[in-house]
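Q: Pasting a structure below so you can have a look.
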Amino acid sequence: MKEYHRITRGRRAGQVASPWRKGVRPECIHEYGVAELLEVVYDYYDLRPILDENAVKKAYEEIAGELISKLTTSISFAGGVMTLRISSAALRQEITMRRSSLMEKINEKIGRELVKEIKVF
C-alpha cells in the first residue's frame with residue numbers, strides 16, 4: 001500500500017491525499033489511463049467518425065508525399081470509402097492502378113482496417 005503525503009497548502013490543508021477517503025468504498029474507486037478515458041469520451045459524444053477521417057487524411061498525406069498531396073484537391077472519408085479528387089489526369093490514373101497498395105499502406109499506418117475502398121475522381 002502506498003503512503004500518501006499530507007497536503008500542506010490550499011483548501012484541503014491538513015488532509016491526506018489518498019484515494020481511500022472517508023465514505024468512499026474501495027470497490028467504487030477505479031483507475032483508468034488517459035487513453036481509456038478518451039476512448040469513452042469519443043464514443044459517448046460520437047466523435048469516432050471525425051477522428052477516423054482526420055487519421056485517414058493525415059496518413060494519406062504522409063504516404064503520398066508533398067507533391068501528390070498538392071495535386072489532390074480534396075480528400076473525404078466516410079463509411080470505409082476514401083474519395084480522392086485529383087487535378088492531374090496522369091496522377092489520377094496512377095493512383096487508380098495502385099489503389100490496393102495505397103489502401104494497405106494507409107491501414108497499416110493507422111493501425112486499423114479503416115479504408116475498405118478508394119474512389120478516385
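The way I read the labels, and the way they are meant: chains A, B, ... in the order of the C-alpha cells, residue 1 as the first residue of every chain, and ligand 1 as the first ligand shown, with later ones counted on from there.
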Considering only C-alpha atoms, tabulate each residue of range 53-78 of chain A that lies at most 7 Å from range 102-106 of chain A along with its nearest interatomic pair and the corresponding distance in Å to one decimal; arrange the rows by chain and ascending residue number and present them as CSV.

A:
```
residue,atom,partner,partner_atom,distance
A:Val56,CA,A:Ile106,CA,7.0
A:Ala59,CA,A:Ile106,CA,5.8
A:Tyr60,CA,A:Ile106,CA,6.4
```

Q: Using N, CA and C atoms, can you write the selected residues to a file as a compact mmCIF listing (two decimals), in the first residue's frame?

A:
```
# COMPACT_ATOMS: atom_id res chain seq x y z
N VAL A 56 -7.20 9.23 -41.51
CA VAL A 56 -7.02 8.79 -42.89
C VAL A 56 -6.39 9.91 -43.73
N ALA A 59 -2.67 10.18 -42.77
CA ALA A 59 -1.91 9.04 -43.28
C ALA A 59 -1.69 9.15 -44.79
N TYR A 60 -2.73 9.58 -45.52
CA TYR A 60 -2.59 9.74 -46.97
C TYR A 60 -1.54 10.79 -47.29
```

Q: Which residues are close to Leu91 in chain A, i.e. within 12 Å by only C-alpha atoms, leaving aside same-chain residues fewer than 3 positions away? Reply as a PyMOL selection string.

A: chain A and resi 64+67-72+84-88+94-99+120-121

Q: With C-alpha atoms retained, write the just-selected residues as an mmCIF file, in the first residue's frame.

A:
```cif
data_model
loop_
_atom_site.group_PDB
_atom_site.id
_atom_site.type_symbol
_atom_site.label_atom_id
_atom_site.label_comp_id
_atom_site.auth_asym_id
_atom_site.auth_seq_id
_atom_site.Cartn_x
_atom_site.Cartn_y
_atom_site.Cartn_z
ATOM 1 C CA ALA A 64 1.687 10.191 -50.775
ATOM 2 C CA LEU A 67 3.807 16.860 -54.408
ATOM 3 C CA ILE A 68 0.949 14.376 -54.694
ATOM 4 C CA SER A 69 -0.809 15.982 -51.709
ATOM 5 C CA LYS A 70 -0.696 19.335 -53.505
ATOM 6 C CA LEU A 71 -2.258 17.801 -56.634
ATOM 7 C CA THR A 72 -5.021 16.207 -54.546
ATOM 8 C CA LEU A 84 -9.876 11.447 -53.692
ATOM 9 C CA ARG A 85 -10.256 14.296 -56.175
ATOM 10 C CA ILE A 86 -7.074 14.766 -58.162
ATOM 11 C CA SER A 87 -6.334 17.597 -60.618
ATOM 12 C CA SER A 88 -3.788 15.698 -62.760
ATOM 13 C CA GLU A 94 -1.535 6.043 -61.462
ATOM 14 C CA ILE A 95 -3.441 6.117 -58.168
ATOM 15 C CA THR A 96 -6.318 4.167 -59.722
ATOM 16 C CA MET A 97 -3.874 1.426 -60.719
ATOM 17 C CA ARG A 98 -2.163 1.354 -57.304
ATOM 18 C CA ARG A 99 -5.129 1.875 -55.022
ATOM 19 C CA VAL A 120 -10.540 8.413 -57.451
ATOM 20 C CA PHE A 121 -12.119 11.299 -59.400
#
```

Q: Kindly indicate which residue among A:Lys57, A:Ala78, A:Glu62, A:Leu51 lies nearest to Leu38 in chain A, using only C-alpha atoms for the distances.

A: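 Between A:Lys57, A:Ala78, A:Glu62, A:Leu51, the residue approaching Leu38 in chain A most closely is A:Leu51.
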
Q: Can you work out the spacing between CA of Val40 in chain A and CA of Met82 in chain A in Å, to one decimal?

A: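 The value is 25.8 Å.
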
Q: Just to confirm, what's the straight-line distance from CA of Tyr42 in chain A to CA of Lys119 in chain A in Å (one decimal)?

A: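 If I compute the distance from CA of Tyr42 in chain A to CA of Lys119 in chain A, I get 27.5 Å.
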
Q: Could you tell me which of A:Lys109, A:Lys116, A:Arg92, A:Arg48 comes closest to Thr73 in chain A if we count only C-alpha atoms?

A: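 Of A:Lys109, A:Lys116, A:Arg92, A:Arg48, the one nearest Thr73 in chain A, counting only C-alpha atoms, is A:Arg92.
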
Q: Please list as a ChimeraX atom specification every residue within 12 Å of Ala55 in chain A, counting only C-alpha atoms and excluding residues in the same chain fewer than 6 positions away.

A: /A:48-49,61-62,75-77,82,106-115

Q: With N, CA and C atoms retained, write the just-selected residues as a PDB file, in the first residue's frame.

A:
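File produced: out.pdb:
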```pdb
ATOM      1  N   ARG A  48     -15.953   9.461 -33.080  1.00  0.00           N
ATOM      2  CA  ARG A  48     -15.127   8.470 -33.775  1.00  0.00           C
ATOM      3  C   ARG A  48     -15.056   8.699 -35.291  1.00  0.00           C
ATOM      4  N   PRO A  49     -16.158   8.981 -36.009  1.00  0.00           N
ATOM      5  CA  PRO A  49     -16.049   9.210 -37.464  1.00  0.00           C
ATOM      6  C   PRO A  49     -15.162  10.401 -37.822  1.00  0.00           C
ATOM      7  N   GLU A  61      -1.570  11.918 -46.616  1.00  0.00           N
ATOM      8  CA  GLU A  61      -0.605  12.980 -46.891  1.00  0.00           C
ATOM      9  C   GLU A  61       0.818  12.543 -46.573  1.00  0.00           C
ATOM     10  N   GLU A  62       1.005  11.751 -45.513  1.00  0.00           N
ATOM     11  CA  GLU A  62       2.344  11.263 -45.172  1.00  0.00           C
ATOM     12  C   GLU A  62       2.836  10.230 -46.178  1.00  0.00           C
ATOM     13  N   ILE A  75      -9.933  15.357 -50.108  1.00  0.00           N
ATOM     14  CA  ILE A  75      -9.909  14.011 -49.542  1.00  0.00           C
ATOM     15  C   ILE A  75     -11.101  13.909 -48.601  1.00  0.00           C
ATOM     16  N   SER A  76     -11.907  12.874 -48.786  1.00  0.00           N
ATOM     17  CA  SER A  76     -13.002  12.656 -47.841  1.00  0.00           C
ATOM     18  C   SER A  76     -13.051  11.171 -47.491  1.00  0.00           C
ATOM     19  N   PHE A  77     -13.578  10.883 -46.324  1.00  0.00           N
ATOM     20  CA  PHE A  77     -13.667   9.508 -45.845  1.00  0.00           C
ATOM     21  C   PHE A  77     -14.966   9.337 -45.083  1.00  0.00           C
ATOM     22  N   MET A  82     -12.792   5.922 -49.060  1.00  0.00           N
ATOM     23  CA  MET A  82     -11.975   7.127 -49.171  1.00  0.00           C
ATOM     24  C   MET A  82     -12.127   7.661 -50.583  1.00  0.00           C
ATOM     25  N   ILE A 106      -2.126   2.767 -46.019  1.00  0.00           N
ATOM     26  CA  ILE A 106      -2.890   3.666 -45.144  1.00  0.00           C
ATOM     27  C   ILE A 106      -3.395   2.908 -43.922  1.00  0.00           C
ATOM     28  N   ASN A 107      -3.958   1.725 -44.123  1.00  0.00           N
ATOM     29  CA  ASN A 107      -4.453   0.929 -42.997  1.00  0.00           C
ATOM     30  C   ASN A 107      -3.317   0.520 -42.063  1.00  0.00           C
ATOM     31  N   GLU A 108      -2.169   0.216 -42.631  1.00  0.00           N
ATOM     32  CA  GLU A 108      -1.013  -0.136 -41.814  1.00  0.00           C
ATOM     33  C   GLU A 108      -0.539   1.066 -40.991  1.00  0.00           C
ATOM     34  N   LYS A 109      -0.530   2.238 -41.598  1.00  0.00           N
ATOM     35  CA  LYS A 109      -0.098   3.455 -40.915  1.00  0.00           C
ATOM     36  C   LYS A 109      -1.043   3.787 -39.752  1.00  0.00           C
ATOM     37  N   ILE A 110      -2.336   3.630 -39.979  1.00  0.00           N
ATOM     38  CA  ILE A 110      -3.333   3.932 -38.937  1.00  0.00           C
ATOM     39  C   ILE A 110      -3.329   2.860 -37.854  1.00  0.00           C
ATOM     40  N   GLY A 111      -3.103   1.619 -38.255  1.00  0.00           N
ATOM     41  CA  GLY A 111      -3.100   0.534 -37.285  1.00  0.00           C
ATOM     42  C   GLY A 111      -4.421  -0.192 -37.177  1.00  0.00           C
ATOM     43  N   ARG A 112      -5.370   0.173 -38.016  1.00  0.00           N
ATOM     44  CA  ARG A 112      -6.686  -0.482 -38.042  1.00  0.00           C
ATOM     45  C   ARG A 112      -7.129  -0.627 -39.490  1.00  0.00           C
ATOM     46  N   GLU A 113      -8.086  -1.469 -39.730  1.00  0.00           N
ATOM     47  CA  GLU A 113      -8.632  -1.697 -41.066  1.00  0.00           C
ATOM     48  C   GLU A 113      -9.788  -0.707 -41.279  1.00  0.00           C
ATOM     49  N   LEU A 114      -9.471   0.539 -41.571  1.00  0.00           N
ATOM     50  CA  LEU A 114     -10.490   1.563 -41.771  1.00  0.00           C
ATOM     51  C   LEU A 114     -10.906   1.690 -43.233  1.00  0.00           C
ATOM     52  N   VAL A 115      -9.925   1.818 -44.107  1.00  0.00           N
ATOM     53  CA  VAL A 115     -10.198   2.060 -45.527  1.00  0.00           C
ATOM     54  C   VAL A 115     -10.471   0.730 -46.207  1.00  0.00           C
TER      55      VAL A 115
END
```
